[in-house]
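Only one structure is covered here, and it is reproduced in the block below.
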Amino acid sequence: MKRTFAVVPFLLLTFSLAYAQRLPEIARPENYKLTFTPDLDKATFEGDETIAIQVLKPTSEITLNSADIDFHVAHITSGGVTQTATVTPQKEKEMVVLSLPKPLAAGRATIHISYSGILNSEMRGLYLGKDDQGRKYAATQFEATDARRAFPSFDEPDYKATFDITAVADKGLAAISNQKVLSDTPGPGDNKHTVRFATTAKMSSYLAALVVGNFEYVEGEADGIPIRVWATTGKKEMGHFALEIASDVLKYYDNYFAIKYPYGKLDLVGLPDFSAGAMENTGCITFRDVLLLADEKQTSVDLKKTIASVIAHEMAHQWFGDLVTMKWWDDIWLNEGFATWMSSKPIEHFKPEWHFELDDVSNTGGTLNVDSLANTRPIHQAAETPAQIQELFDGIAYGKAAAVLRMLEAYLGEDTFRAGVNAYLQKHQYANATADDFWDAQAKTSKKPVDQIMPTFVKQPGAPIVNVKAQCSGNSTTVTLTQQRYFVDRMKFDEPNDQLWQIPLCMKGSNSNATKCEVLRKKEETFTLPGCSTWVLANAGATGYYRSGYDAATVRAIAADAETKLTPGERIFVQTDIWASIRVGREPIGDYLAFAQGLQSDRNRAVMEDVLGRLNYIGQYVVSNSDRDAFHAWLRGYLEPAMHELGYQPKPGDSDEERTLRSRVFNALGYDARDPQTLAEARKITDQAMADPASVDHQLAGGAFPLAALNGDTDFYDKLVAGLKDTKSPEIYYGYLFTLANFTDPKLLERTLNFAISPEVRSQDALQVVTSVLANPAGQQIAWDFIRSHWSELEKDGGPFASAQVVGATSVFCDATLRDQVTEFFTAHKVEAAERTYKQSIERINSCIDLKAQQGSQLASWLGQHGTASGK
């Protein structure tokens, strides 16, 4: 499953919050025969199910997972004898117990159940959705614990089985599932048809899938595998870009993995109503439609990159997650971390100009920020209830796990690491595995101590900072490295901590691009580099999952050589390291601004994105109102040379990186520097885009709309609302929708908040609109008051995860009064699915308050001394 925030921040999943309990180890499923008959008008479905099971020991009870299902009849057959079961629901456990008059013997048996269920509006289980024309469809979303809402099941990942799925659908509706269609016959009756699908491979229950509705497709193939991209009627032509990407990705993965794509066909289905970003059901991947469908000629570079990344992520799951599945959710990182790490590889291969390898470096920096909190968690985290399982789908499972895998690959070498991956997949295909199984395979393949290194990053929370002291003596440089856990909380950072990592790292000095790679195993170790260096970089290649600490003199020395001796990835990571030192008071904020000023002429898109993101944070949270004009003036001077060079309009032959950099500088100059000329240009581009979307560069327009909203009036607002009813693509729709959250007029922001919870906005989007207003400094207090006064409606709209999302969104605050209000409110309105998220939000707020207090006056002094930045 993919969570993504590049184009529109997307929700993950909605889970029941009932207390879970593991199924008793009495029986194991071998095959499910499932027939679904959805009634889209009544929002119900009928189900018929036969489960072939292996009874492990004599028993008179079989326990299944089940939720929101009404049983009509349940029979169990064993040894030629059929018994009617008494059905006893255990609602709080989401289970039913099937009790028999006579015990079953160990061996084969079958369970037959006829039942009915609801097509719910919560986008979980088998649910009801609507397309843009109001036509209804049924679709599934089972991860992690919602297959039980569609069929009684052994709904735990370790209970793998094959599935024979049949759909009885209204005449004229398409039916899509995990496998190819075996038959499609008329009936029962004149208005139905019955679609029977081939038997699936052995898989976990959460990977089963069914979609029924008005869908059409474009098709192609790769390596003999038919590929279809499905969209609701009228949108299929926007599937060609995704089809091209999927074909390229499948060929790449077939070459990378020793096991070819194992599921016979591949369907990618775009759904207007979908709670996750995308879901890796075997052979039938479902997506939020904006993450699949695009008019390639009128699409931003950002959306193309996001679509490619999400497709590559979900397709990687077909091997890591589907073919080999974690035994329990505590190892969900094996699924999500691997898919996140792997997804960049095929894109780097066929779209090298997008430089996904640099985005990976930036993402590692973002993940280190999460891992610097005292309330982070280890990658491997125990979880039992659905709420606890939900919180595992976070930046640690995705980002940290991917970054650690990237570091391990760099340490072992690409070919060796790949051999270990394939050994793991071949040994555990169509089965389940644990983290130990994965790093044992890597250790055996590489003959290196992977099984000693990996647990230090997987089984303990946080990340280390490696402090660097270099001393030149003769023709060599002595490097002393010390490690400690990095906390963004200054008090905790200064406290003794006995955590220890085994850190694969590479160093390089100022005198040479040659690197020396070691494993730092102790709290302090000393190494020697050849030649005399004025500085030593402790994360050469920018592949490590750790921070590096340098003294102020070393930072200045590195800054002087940054553009000539550091790679783009290293320039990104050094910024991250300097900022980490500033957060804990080791360096003044001026050191970062000086380093950024040294990068003023850098035109690498990824490097500049990192600079601009941090300058945005400084402007929003550290700059005082009295210094704001000075900061704006400095920032305008800093950015104007780049804007002048790039120009406000695209040029013939511009690369995607140049188009993206233009949009980033344009947005920063308009929003962070409040440059009047840029804001006027933004309104001009916005008006042009609304009149004729094909007449503008969509990458630039994506940045222009929020800028136009800054000074936007009621007339512009009303045009956006009207435009939502007749947009040509999902990207344009979401562009209009989230622009509504960027106005500064309080009355218009109030309208946005009320609009968000109206029937005109899909429930999957409502909470994100509200939290987008919360992230807008002009709307922060308005949105917070709205959230507190409309809490019951917001909970109902978005379900448990949406509530958790709001808790996390309060981390944008940087004010003690608001922090205390958050504490008071969520003490009275506990969100079970956000216990850790709540603690992290409070910690982030406190960290921001502290940063402003310790660095605000230093920033004022620096701005007073440096005035306006000038070009080199």
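We label chains A, B, ... in the order they appear in the structure tokens, count residues from 1 in each chain, and number ligands from 1 in the order shown.
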
Review point. Hey, what's within 7 Å of Ala316 in chain A if we count only C-alpha atoms and toss same-chain stuff fewer than 2 positions away? As a count of residues only, please?
Key: 9

Point to revise | Contact residues around Ala708 in chain A with only C-alpha atoms at 7 Å, ignoring same-chain residues under 2 positions, as a PyMOL selection string | key: chain A and resi 679+682-683+686+704-706+710-712

Point to revise | Nearby residues (only C-alpha atoms) at most 12 Å from Thr340 in chain A, same-chain spacing under 2 positions excluded, as a PyMOL selection string | key: chain A and resi 1-4+309-317+320-321+333-338+342-346+356+359-360+363-364+395-406

Practice item. Skip Leu98 in chain A itself and residues of its chain fewer than 6 positions away, then list as a PyMOL selection string all residues within 10 Å of it, counting only C-alpha atoms. Key: chain A and resi 60-64+74-76+84-89+111

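By only C-alpha atoms, and with residues fewer than 5 positions from range 646-651 of chain A along its chain excluded, the set lying at most 8 Å from it is Glu658, Arg659, Arg662, Phe666, Glu681 and Asp697 of chain A.
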
Check your understanding: CA of Lys297 in chain A and CA of Ser695 in chain A, how far apart in Å?
Key ->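 Computing the Euclidean distance for CA of Ser695 in chain A and CA of Lys297 in chain A yields 11.0 Å.
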
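With CA of Leu615 in chain A on one side and CA of Leu593 in chain A on the other, the separation reads 8.4 Å.
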